[in-house]
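Student: Structure file coords_9.pdb (PDB, C-alpha atoms and all ligand atoms) is given on the next line.
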```
ATOM      1  CA  MET A   1       0.000   0.000   0.000
ATOM      2  CA  LYS A   2       1.030   3.618  -0.463
ATOM      3  CA  TRP A   3       2.436   5.302   2.673
ATOM      4  CA  ALA A   4       1.835   8.981   3.441
ATOM      5  CA  ILE A   5       2.291  11.415   6.298
ATOM      6  CA  ILE A   6       0.833  14.912   6.706
ATOM      7  CA  GLY A   7       1.258  17.468   9.490
ATOM      8  CA  THR A   8      -0.101  20.885  10.381
ATOM      9  CA  TRP A   9       2.169  23.884   9.740
ATOM     10  CA  ARG A  10       5.632  24.398   8.353
ATOM     11  CA  MET A  11       7.060  23.279  11.701
ATOM     12  CA  ALA A  12       6.188  19.649  10.903
ATOM     13  CA  ILE A  13       8.475  19.385   7.865
ATOM     14  CA  GLU A  14      11.653  18.185   9.590
ATOM     15  CA  GLY A  15       9.732  15.432  11.380
ATOM     16  CA  VAL A  16       7.727  14.529   8.285
ATOM     17  CA  THR A  17      10.935  14.311   6.268
ATOM     18  CA  GLU A  18      12.651  11.986   8.741
ATOM     19  CA  SER A  19       9.599   9.796   9.209
ATOM     20  CA  ALA A  20       9.143   9.575   5.432
ATOM     21  CA  VAL A  21      12.473   7.751   5.202
ATOM     22  CA  ASP A  22      11.361   5.315   7.900
ATOM     23  CA  LEU A  23       7.950   4.780   6.291
ATOM     24  CA  ASN A  24       9.621   4.024   2.997
ATOM     25  CA  ASN A  25      11.637   1.362   4.808
ATOM     26  CA  GLY A  26       8.451  -0.187   6.184
ATOM     27  CA  ALA A  27       8.160   1.566   9.571
ATOM     28  CA  PHE A  28       4.988   1.257  11.661
ATOM     29  CA  ALA A  29       2.766   4.361  11.455
ATOM     30  CA  GLY A  30       2.817   4.801  15.253
ATOM     31  CA  ASP A  31       6.601   5.027  15.347
ATOM     32  CA  ALA A  32       6.581   7.433  12.414
ATOM     33  CA  ILE A  33       4.092   9.698  14.201
ATOM     34  CA  GLU A  34       6.041   9.589  17.456
ATOM     35  CA  LYS A  35       9.309  10.454  15.744
ATOM     36  CA  ALA A  36       7.823  13.249  13.634
ATOM     37  CA  ILE A  37       6.171  14.915  16.621
ATOM     38  CA  LYS A  38       9.153  14.455  18.948
ATOM     39  CA  ILE A  39      11.280  16.430  16.519
ATOM     40  CA  VAL A  40       8.827  19.334  16.762
ATOM     41  CA  GLU A  41       8.604  19.033  20.561
ATOM     42  CA  ASP A  42      12.371  19.125  20.938
ATOM     43  CA  PHE A  43      13.011  22.169  18.761
ATOM     44  CA  PRO A  44      13.165  25.222  21.055
ATOM     45  CA  TYR A  45      12.166  27.778  18.429
ATOM     46  CA  TYR A  46       8.712  26.312  17.821
ATOM     47  CA  LYS A  47       6.901  28.314  20.421
ATOM     48  CA  SER A  48       3.675  26.399  20.691
ATOM     49  CA  VAL A  49       4.772  22.795  21.073
ATOM     50  CA  GLY A  50       6.940  21.073  23.682
ATOM     51  CA  TYR A  51      10.249  22.637  24.715
ATOM     52  CA  GLY A  52      10.044  26.378  24.142
ATOM     53  CA  GLY A  53       6.221  26.324  24.128
ATOM     54  CA  LEU A  54       4.593  29.523  25.332
ATOM     55  CA  PRO A  55       3.333  29.485  28.917
ATOM     56  CA  ASN A  56      -0.051  29.981  30.546
ATOM     57  CA  GLU A  57      -1.137  33.058  32.506
ATOM     58  CA  ASN A  58       1.088  31.977  35.418
ATOM     59  CA  CYS A  59       4.137  31.590  33.195
ATOM     60  CA  GLN A  60       3.929  27.806  33.376
ATOM     61  CA  VAL A  61       4.127  25.584  30.279
ATOM     62  CA  GLU A  62       1.154  23.193  30.341
ATOM     63  CA  LEU A  63       1.104  20.680  27.507
ATOM     64  CA  ASP A  64      -1.712  18.719  25.848
ATOM     65  CA  ALA A  65      -1.207  15.726  23.540
ATOM     66  CA  ALA A  66      -2.958  12.706  22.073
ATOM     67  CA  TYR A  67      -2.262   9.541  20.111
ATOM     68  CA  MET A  68      -4.810   7.367  18.305
ATOM     69  CA  ASP A  69      -4.373   3.985  16.656
ATOM     70  CA  GLY A  70      -6.636   3.715  13.610
ATOM     71  CA  ASP A  71      -6.812  -0.104  13.709
ATOM     72  CA  SER A  72      -7.825  -0.687  17.334
ATOM     73  CA  LEU A  73      -9.225   2.854  17.841
ATOM     74  CA  SER A  74      -7.150   2.990  21.051
ATOM     75  CA  ILE A  75      -6.491   6.489  22.351
ATOM     76  CA  GLY A  76      -3.999   7.922  24.815
ATOM     77  CA  ALA A  77      -4.297  11.572  25.865
ATOM     78  CA  ILE A  78      -2.959  14.039  28.412
ATOM     79  CA  GLY A  79      -4.063  17.531  29.363
ATOM     80  CA  GLY A  80      -2.075  20.202  31.184
ATOM     81  CA  ILE A  81       1.063  18.199  31.937
ATOM     82  CA  THR A  82       4.109  20.176  33.094
ATOM     83  CA  ASP A  83       7.809  19.437  33.048
ATOM     84  CA  PHE A  84       7.932  16.348  30.861
ATOM     85  CA  LYS A  85       9.980  16.312  27.695
ATOM     86  CA  ASN A  86       7.976  14.366  25.125
ATOM     87  CA  PRO A  87       4.206  14.331  25.620
ATOM     88  CA  ILE A  88       3.720  12.342  22.395
ATOM     89  CA  SER A  89       5.677   9.394  23.815
ATOM     90  CA  ILE A  90       3.615   9.490  27.010
ATOM     91  CA  VAL A  91       0.295   9.391  25.140
ATOM     92  CA  LYS A  92       1.502   6.627  22.841
ATOM     93  CA  LYS A  93       2.205   4.522  25.913
ATOM     94  CA  LEU A  94      -1.108   5.526  27.517
ATOM     95  CA  SER A  95      -2.971   4.311  24.439
ATOM     96  CA  GLU A  96      -2.036   0.761  25.460
ATOM     97  CA  ASN A  97      -4.282   1.086  28.532
ATOM     98  CA  THR A  98      -7.826  -0.214  28.541
ATOM     99  CA  TYR A  99      -8.744   2.170  31.360
ATOM    100  CA  ASN A 100      -7.176   5.418  32.553
ATOM    101  CA  CYS A 101      -6.030   6.380  29.069
ATOM    102  CA  PHE A 102      -6.764  10.146  29.354
ATOM    103  CA  LEU A 103      -4.943  11.764  32.290
ATOM    104  CA  VAL A 104      -4.655  15.410  33.302
ATOM    105  CA  GLY A 105      -2.326  17.598  35.375
ATOM    106  CA  PRO A 106      -0.713  15.984  38.421
ATOM    107  CA  GLY A 107      -2.196  12.574  37.596
ATOM    108  CA  ALA A 108      -0.525  12.644  34.189
ATOM    109  CA  GLU A 109       2.764  13.624  35.821
ATOM    110  CA  VAL A 110       2.589  10.777  38.340
ATOM    111  CA  TYR A 111       1.961   8.343  35.476
ATOM    112  CA  ALA A 112       4.786   9.731  33.345
ATOM    113  CA  ALA A 113       7.241   9.577  36.251
ATOM    114  CA  ARG A 114       6.209   6.016  37.098
ATOM    115  CA  GLU A 115       6.690   4.929  33.506
ATOM    116  CA  GLY A 116      10.160   6.478  33.427
ATOM    117  CA  PHE A 117       9.521   9.327  30.982
ATOM    118  CA  GLN A 118      12.104  12.074  30.998
ATOM    119  CA  ARG A 119      11.444  15.143  33.120
ATOM    120  CA  GLU A 120      12.509  18.505  31.802
ATOM    121  CA  ASN A 121      11.806  22.150  32.537
ATOM    122  CA  MET A 122      10.047  23.115  29.297
ATOM    123  CA  LEU A 123      10.128  26.877  29.872
ATOM    124  CA  THR A 124      12.905  28.577  27.892
ATOM    125  CA  ASP A 125      14.297  32.072  28.470
ATOM    126  CA  ARG A 126      12.913  33.056  25.101
ATOM    127  CA  ALA A 127       9.401  31.930  26.093
ATOM    128  CA  LYS A 128       9.747  33.854  29.365
ATOM    129  CA  LYS A 129      10.563  36.991  27.391
ATOM    130  CA  TYR A 130       7.488  36.545  25.203
ATOM    131  CA  TYR A 131       5.438  36.132  28.343
ATOM    132  CA  LYS A 132       6.778  39.327  29.902
ATOM    133  CA  LYS A 133       6.203  41.288  26.725
ATOM    134  CA  ARG A 134       2.697  39.989  26.213
ATOM    135  CA  LYS A 135       1.811  40.511  29.849
ATOM    136  CA  ASN A 136       2.814  44.132  29.547
ATOM    137  CA  GLU A 137       0.918  44.503  26.286
ATOM    138  CA  THR A 138      -2.246  42.903  27.587
ATOM    139  CA  LEU A 139      -2.187  44.933  30.759
ATOM    140  CA  ASP A 140      -1.249  48.190  29.054
ATOM    141  CA  LYS A 141      -3.055  47.989  25.737
ATOM    142  CA  GLY A 142      -5.880  45.527  26.254
ATOM    143  CA  LEU A 143      -4.742  43.095  23.516
ATOM    144  CA  SER A 144      -6.308  39.667  23.509
ATOM    145  CA  PRO A 145      -3.997  37.338  25.416
ATOM    146  CA  TYR A 146      -5.028  34.412  23.277
ATOM    147  CA  GLU A 147      -3.337  35.369  20.045
ATOM    148  CA  GLY A 148      -0.493  33.065  19.115
ATOM    149  CA  HIS A 149      -0.937  29.327  18.939
ATOM    150  CA  ASP A 150      -0.063  26.407  16.662
ATOM    151  CA  THR A 151      -0.561  22.731  17.329
ATOM    152  CA  VAL A 152       1.317  20.016  15.549
ATOM    153  CA  GLY A 153      -1.164  17.387  14.382
ATOM    154  CA  VAL A 154       0.084  14.521  12.230
ATOM    155  CA  ILE A 155      -1.763  11.740  10.382
ATOM    156  CA  CYS A 156       0.027   8.798   8.829
ATOM    157  CA  VAL A 157      -0.693   5.674   6.798
ATOM    158  CA  ASP A 158       2.073   3.084   6.587
ATOM    159  CA  LYS A 159       2.861   0.419   3.978
ATOM    160  CA  ASN A 160       0.548  -2.036   5.735
ATOM    161  CA  GLY A 161      -2.362   0.388   5.552
ATOM    162  CA  LYS A 162      -2.276   1.063   9.282
ATOM    163  CA  MET A 163      -3.200   4.616  10.224
ATOM    164  CA  VAL A 164      -2.264   6.644  13.325
ATOM    165  CA  ALA A 165      -2.930  10.228  14.450
ATOM    166  CA  GLY A 166      -0.985  12.335  16.956
ATOM    167  CA  THR A 167      -1.167  15.859  18.364
ATOM    168  CA  SER A 168       1.018  17.926  20.684
ATOM    169  CA  THR A 169       0.676  21.531  21.835
ATOM    170  CA  SER A 170       1.225  24.065  24.575
ATOM    171  CA  GLY A 171      -2.268  25.326  23.732
ATOM    172  CA  LEU A 172      -3.136  28.985  23.750
ATOM    173  CA  PHE A 173      -0.551  31.454  24.949
ATOM    174  CA  MET A 174      -1.585  33.025  28.290
ATOM    175  CA  LYS A 175      -4.385  30.495  28.730
ATOM    176  CA  ASN A 176      -5.886  30.066  32.190
ATOM    177  CA  LYS A 177      -4.212  27.481  34.362
ATOM    178  CA  GLY A 178      -5.980  24.161  33.755
ATOM    179  CA  ARG A 179      -7.433  25.181  30.397
ATOM    180  CA  VAL A 180      -7.423  22.303  27.921
ATOM    181  CA  GLY A 181      -8.094  22.772  24.200
ATOM    182  CA  ASP A 182      -9.200  20.464  21.425
ATOM    183  CA  SER A 183      -5.845  18.804  20.823
ATOM    184  CA  PRO A 184      -6.236  15.917  23.308
ATOM    185  CA  ILE A 185      -9.988  15.582  22.681
ATOM    186  CA  SER A 186     -10.946  12.698  20.409
ATOM    187  CA  GLY A 187     -13.060  13.792  17.451
ATOM    188  CA  SER A 188     -12.146  17.453  17.881
ATOM    189  CA  GLY A 189      -8.343  17.790  17.664
ATOM    190  CA  PHE A 190      -7.848  14.430  15.952
ATOM    191  CA  TYR A 191      -9.530  11.238  14.808
ATOM    192  CA  VAL A 192      -8.393   8.279  12.739
ATOM    193  CA  ASP A 193      -9.912   5.049  11.497
ATOM    194  CA  SER A 194      -7.695   2.860   9.295
ATOM    195  CA  GLU A 195     -10.759   1.694   7.358
ATOM    196  CA  VAL A 196     -11.324   5.277   6.195
ATOM    197  CA  GLY A 197      -8.752   7.939   7.085
ATOM    198  CA  GLY A 198      -7.872  10.533   9.669
ATOM    199  CA  ALA A 199      -7.819  14.253  10.406
ATOM    200  CA  ALA A 200      -6.213  16.691  12.836
ATOM    201  CA  ALA A 201      -7.034  20.289  13.667
ATOM    202  CA  THR A 202      -5.281  23.438  14.805
ATOM    203  CA  GLY A 203      -6.630  26.822  15.799
ATOM    204  CA  LEU A 204      -8.973  28.025  18.503
ATOM    205  CA  GLY A 205      -9.755  24.900  20.488
ATOM    206  CA  GLU A 206     -12.873  26.387  22.055
ATOM    207  CA  ASP A 207     -14.425  26.705  18.572
ATOM    208  CA  ILE A 208     -12.971  23.515  17.071
ATOM    209  CA  MET A 209     -14.636  21.569  19.885
ATOM    210  CA  LYS A 210     -18.025  23.037  18.985
ATOM    211  CA  GLY A 211     -17.992  21.029  15.741
ATOM    212  CA  CYS A 212     -15.947  17.875  16.531
ATOM    213  CA  VAL A 213     -14.366  18.742  13.234
ATOM    214  CA  SER A 214     -11.859  15.874  12.962
ATOM    215  CA  TYR A 215     -14.523  13.232  13.460
ATOM    216  CA  GLU A 216     -16.787  15.031  11.017
ATOM    217  CA  ILE A 217     -14.083  14.909   8.336
ATOM    218  CA  VAL A 218     -13.576  11.170   8.820
ATOM    219  CA  ARG A 219     -17.347  10.645   8.717
ATOM    220  CA  LEU A 220     -17.571  12.563   5.442
ATOM    221  CA  MET A 221     -14.681  10.571   3.946
ATOM    222  CA  LYS A 222     -16.545   7.406   4.914
ATOM    223  CA  GLU A 223     -19.526   8.708   2.944
ATOM    224  CA  GLY A 224     -17.275   8.884  -0.116
ATOM    225  CA  LEU A 225     -15.874  12.417  -0.113
ATOM    226  CA  THR A 226     -12.201  12.912  -0.924
ATOM    227  CA  PRO A 227     -10.042  14.252   1.931
ATOM    228  CA  GLN A 228     -10.055  17.682   0.265
ATOM    229  CA  GLU A 229     -13.843  17.725  -0.139
ATOM    230  CA  ALA A 230     -14.370  16.467   3.408
ATOM    231  CA  ALA A 231     -11.952  18.988   4.933
ATOM    232  CA  ASP A 232     -13.484  21.910   3.032
ATOM    233  CA  LYS A 233     -17.047  20.889   3.828
ATOM    234  CA  ALA A 234     -16.460  20.320   7.547
ATOM    235  CA  VAL A 235     -14.574  23.582   8.063
ATOM    236  CA  TYR A 236     -16.949  25.612   5.894
ATOM    237  CA  GLU A 237     -20.019  24.315   7.691
ATOM    238  CA  LEU A 238     -18.582  24.852  11.163
ATOM    239  CA  ASP A 239     -17.281  28.318  10.300
ATOM    240  CA  SER A 240     -20.662  29.333   8.807
ATOM    241  CA  LYS A 241     -22.597  27.918  11.734
ATOM    242  CA  LEU A 242     -20.457  29.745  14.286
ATOM    243  CA  ILE A 243     -20.792  33.026  12.415
ATOM    244  CA  ARG A 244     -24.560  32.573  12.089
ATOM    245  CA  ARG A 245     -25.118  31.651  15.715
ATOM    246  CA  ARG A 246     -22.384  33.563  17.529
ATOM    247  CA  GLY A 247     -21.382  36.351  15.165
ATOM    248  CA  LYS A 248     -17.825  35.096  14.675
ATOM    249  CA  ALA A 249     -15.637  32.022  14.344
ATOM    250  CA  GLY A 250     -12.111  31.477  15.640
ATOM    251  CA  ASP A 251      -9.291  30.102  13.495
ATOM    252  CA  ILE A 252      -9.935  26.542  12.300
ATOM    253  CA  SER A 253      -7.437  24.694  10.097
ATOM    254  CA  VAL A 254      -7.301  20.983   9.379
ATOM    255  CA  VAL A 255      -5.267  18.329   7.602
ATOM    256  CA  ALA A 256      -6.886  15.103   6.386
ATOM    257  CA  LEU A 257      -5.560  11.865   4.905
ATOM    258  CA  ASN A 258      -7.361   8.754   3.702
ATOM    259  CA  ASN A 259      -6.082   5.184   3.707
ATOM    260  CA  LYS A 260      -5.127   5.448   0.017
ATOM    261  CA  GLY A 261      -2.590   8.178   0.802
ATOM    262  CA  GLU A 262      -4.729  11.000  -0.630
ATOM    263  CA  TYR A 263      -4.754  14.180   1.427
ATOM    264  CA  GLY A 264      -6.621  17.457   1.812
ATOM    265  CA  VAL A 265      -6.555  20.587   3.946
ATOM    266  CA  ALA A 266      -8.897  23.441   4.811
ATOM    267  CA  THR A 267      -8.640  26.708   6.680
ATOM    268  CA  ASN A 268     -10.878  29.633   7.542
ATOM    269  CA  SER A 269      -7.901  31.881   8.314
ATOM    270  CA  GLU A 270      -4.878  33.469   6.682
ATOM    271  CA  GLY A 271      -1.423  32.011   7.096
ATOM    272  CA  PHE A 272      -2.002  28.282   7.461
ATOM    273  CA  SER A 273       0.719  26.004   6.122
ATOM    274  CA  PHE A 274       1.222  22.247   6.137
ATOM    275  CA  SER A 275       3.889  19.633   5.527
ATOM    276  CA  VAL A 276       3.353  16.408   3.630
ATOM    277  CA  ALA A 277       5.236  13.447   2.185
ATOM    278  CA  VAL A 278       3.765  10.616   0.135
ATOM    279  CA  GLU A 279       5.431   7.560  -1.358
ATOM    280  CA  ASP A 280       5.547   9.256  -4.767
ATOM    281  CA  GLU A 281       5.812  12.871  -3.547
ATOM    282  CA  GLU A 282       8.848  14.513  -1.925
ATOM    283  CA  PRO A 283       8.434  16.062   1.540
ATOM    284  CA  THR A 284       6.965  19.488   0.785
ATOM    285  CA  VAL A 285       5.682  22.545   2.622
ATOM    286  CA  TYR A 286       2.534  24.188   1.226
ATOM    287  CA  THR A 287       0.956  27.514   2.116
ATOM    288  CA  CYS A 288      -2.811  27.951   2.061
ATOM    289  CA  ASN A 289      -5.146  30.769   1.247
ATOM    290  CA  LYS A 290      -8.107  31.424   3.464
ATOM    291  CA  MET A 291     -11.028  29.382   2.146
ATOM    292  CA  LYS A 292     -13.209  31.146  -0.430
ATOM    293  CA  ASP A 293     -16.686  29.941  -1.404
ATOM    294  CA  GLY A 294     -16.070  26.814   0.649
ATOM    295  CA  LYS A 295     -12.816  25.899  -1.120
ATOM    296  CA  THR A 296      -9.248  26.017   0.144
ATOM    297  CA  ILE A 297      -6.456  26.648  -2.339
ATOM    298  CA  TYR A 298      -2.830  25.880  -1.550
ATOM    299  CA  GLU A 299       0.515  26.120  -3.288
ATOM    300  CA  ILE A 300       4.109  25.046  -2.706
ATOM    301  CA  ALA A 301       5.742  27.426  -0.233
ATOM    302  CA  SER A 302       8.060  29.775  -2.086
ATOM    303  CA  LYS A 303      11.767  30.026  -1.266
ATOM    304  CA  GLU A 304      11.141  33.567  -0.027
ATOM    305  CA  TRP A 305       8.346  32.415   2.271
ATOM    306  CA  LEU A 306      10.509  29.631   3.710
ATOM    307  CA  LYS A 307      13.417  31.998   4.277
ATOM    308  CA  ALA A 308      11.223  34.633   5.916
ATOM    309  CA  TYR A 309       9.827  31.920   8.196
ATOM    310  CA  ALA A 310      13.280  30.674   9.203
ATOM    311  CA  ASP A 311      14.438  34.223   9.886
ATOM    312  CA  ARG A 312      11.327  35.086  11.867
ATOM    313  CA  ILE A 313      11.340  32.161  14.295
ATOM    314  CA  LYS A 314      14.970  32.715  15.244
ATOM    315  CA  ALA A 315      15.013  36.484  15.158
ATOM    316  CA  PRO A 316      16.531  38.009  18.268
ATOM    317  CA  LEU A 317      13.899  39.320  20.637
ATOM    318  CA  THR A 318      14.240  43.061  20.875
ATOM    319  CA  PHE A 319      12.235  43.439  24.078
ATOM    320  CA  ASP A 320      13.361  42.591  27.601
TER     321      ASP A 320
HETATM  322  C1  LIG B   1      -5.756  24.748  21.474
HETATM  323  N1  LIG B   1      -5.970  24.089  19.186
HETATM  324  O1  LIG B   1      -5.249  24.463  22.550
HETATM  325  C2  LIG B   1      -5.022  24.376  20.228
HETATM  326  C3  LIG B   1      -4.080  25.454  19.869
HETATM  327  C4  LIG B   1      -3.703  25.450  18.442
HETATM  328  O2  LIG B   1      -3.085  26.381  16.533
HETATM  329  O3  LIG B   1      -3.823  24.587  17.716
HETATM  330  N2  LIG B   1      -3.346  26.380  17.839
HETATM  331  O4  LIG B   1      -6.821  25.352  21.379
END
```
Take the structure in the file and give it back as structure tokens.
Tutor:
Amino acid sequence: MKWAIIGTWRMAIEGVTESAVDLNNGAFAGDAIEKAIKIVEDFPYYKSVGYGGLPNENCQVELDAAYMDGDSLSIGAIGGITDFKNPISIVKKLSENTYNCFLVGPGAEVYAAREGFQRENMLTDRAKKYYKKRKNETLDKGLSPYEGHDTVGVICVDKNGKMVAGTSTSGLFMKNKGRVGDSPISGSGFYVDSEVGGAAATGLGEDIMKGCVSYEIVRLMKEGLTPQEAADKAVYELDSKLIRRRGKAGDISVVALNNKGEYGVATNSEGFSFSVAVEDEEPTVYTCNKMKDGKTIYEIASKEWLKAYADRIKAPLTFD
């Protein structure tokens, strides 16, 4: 069967690229997902996932993550864990449990320590600086504290047709202590069924959860829609419904993949990008336009865009 792996945002490309090599050599989808996401978690300049993730209102990095096996439908998830290095590895292990497979806060930390997962202070000096700056801005200028977020969500199908989904995030910057978003919530931040396909979401968790958008995409693919049609339809309908009923919709972006290795994406906001590799397609970053008339258009990220991105994430912080 044809293998494929797709992840939200440009930040997934290094992981997608490494896991693509493994998948080509016959790796199991779960290991490919774990490796791809670990690479994002470990990179200090990605400021919304793992090490270097932006903190909550108390300047504490609280991480959410999930792992789902598309064959057995087993799920492992954690919400609001602090001071552990690789949430994706913890949730992969948790997915082996029949009970107690979604743990939060101190309970998740006790489990991770007992299972021997590596502890680490995930708050970097750079993240602390962002916090200080944003705190001043929100206090002084009344800016919304919730701007700034990106979750890595990855879906994979391996050579045996097995599918797995994984997510990892520090959630919304300046979130309340204890706040959990969509990323560890089955059906909202992720869903996968090897008999059909999978999807993962990024954006404003509070709104993504109102539509269980990942499950909806898989349901639509089961009805016969392509991943692109399913992604566009699910995001368009949720976005329209939220605007009709509440006057506005937060950012909602999704990636989708079916068990034939076909993929699709959709976004109701500007600036979404994604990373994908397929057996017959080189690892590539694409940038998306905000959906228009229910359709999302994307193109290969230009050299200029990629350079501007690399410069931006490592740019020295000019505030203290
Ligand atoms: C959350 N959906 O915690 C996550 C944040 C995110 O792109 O994905 N941002 O609500």
Student: Return as a tab-separated table the residues of chain A lying at most 6 Å from ligand LIG 1 (chain B), together with the closest atom-to-atom pair for each and the distance in Å to one decimal, counting only C-alpha atoms and all ligand atoms, with rows in chain order and ascending residue number.
Tutor:
```
residue	atom	partner	partner_atom	distance
A:His149	CA	B:LIG1	N2	4.0
A:Asp150	CA	B:LIG1	O2	3.0
A:Thr151	CA	B:LIG1	O3	3.8
A:Gly171	CA	B:LIG1	O1	3.3
A:Leu172	CA	B:LIG1	O1	5.1
A:Gly181	CA	B:LIG1	O1	3.7
A:Asp182	CA	B:LIG1	N1	5.3
A:Ser183	CA	B:LIG1	N1	5.5
A:Thr202	CA	B:LIG1	O3	3.5
A:Gly203	CA	B:LIG1	O2	3.6
A:Leu204	CA	B:LIG1	O4	4.5
A:Gly205	CA	B:LIG1	O4	3.1
```
Student: CA of Phe84 (chain A) and CA of Gln118 (chain A) are how many Å apart?
Tutor: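 We find that CA of Phe84 (chain A) and CA of Gln118 (chain A) lie 6.0 Å from each other.
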Student: Once the PyMOL selection byres (((chain A and resi 294) around 12) and not hetatm) has been applied to the shown file, what residues remain in the selection, as a list in words?
Tutor: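 Output from the PyMOL selection byres (((chain A and resi 294) around 12) and not hetatm), applied to this file: Gln228, Glu229, Ala230, Ala231, Asp232, Lys233, Ala234, Val235, Tyr236, Glu237, Leu238, Asp239, Ser240, Val265, Ala266, Thr267, Asn268, Asn289, Lys290, Met291, Lys292, Asp293, Lys295, Thr296 and Ile297 of chain A.
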Student: Put a box with edges along x, y and z around all the listed atoms of region 81-90 of chain A, pad it by 3 Å on each side, then give me its centre and sizes in Å, one decimal, as AutoDock Vina command-line options.
Tutor:
```
--center_x 5.5 --center_y 14.8 --center_z 27.7 --size_x 14.9 --size_y 16.8 --size_z 16.7
```
Student: Would you kindly translate the PyMOL selection byres (((chain A and resi 161) around 7) and not hetatm) into the concrete residues it picks from this file, as a short mmCIF file (atom, residue, chain, number, x, y, z; two decimals) with C-alpha atoms, in the coordinates of the input?
Tutor:
```
data_model
loop_
_atom_site.label_atom_id
_atom_site.label_comp_id
_atom_site.auth_asym_id
_atom_site.auth_seq_id
_atom_site.Cartn_x
_atom_site.Cartn_y
_atom_site.Cartn_z
CA MET A 1 0.00 0.00 0.00
CA VAL A 157 -0.69 5.67 6.80
CA ASP A 158 2.07 3.08 6.59
CA LYS A 159 2.86 0.42 3.98
CA ASN A 160 0.55 -2.04 5.74
CA LYS A 162 -2.28 1.06 9.28
CA MET A 163 -3.20 4.62 10.22
CA SER A 194 -7.70 2.86 9.30
CA ASN A 259 -6.08 5.18 3.71
#
```
Student: One decimal, Å: what's the distance from CA of Leu123 (chain A) over to CA of Pro55 (chain A), could you say?
Tutor: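 According to the coordinates, CA of Leu123 (chain A) and CA of Pro55 (chain A) are separated by 7.3 Å.
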Student: Would you translate the PyMOL selection byres (((chain A and resi 154) around 10) and not hetatm) into the concrete set of residues it matches in this file, as a PyMOL selection string?
Tutor: chain A and resi 5-9+12+15-16+32-34+36-37+67+151-153+155-156+164-168+190+198-201+255-257+274-276
Student: Taking all atoms listed in the file into account, name the residue in A:Val196, A:Leu242, A:Met11, A:Met68 that is nearest to Phe272 (chain A).
Tutor: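 With all atoms listed in the file as the atom set, the closest residue is A:Met11.
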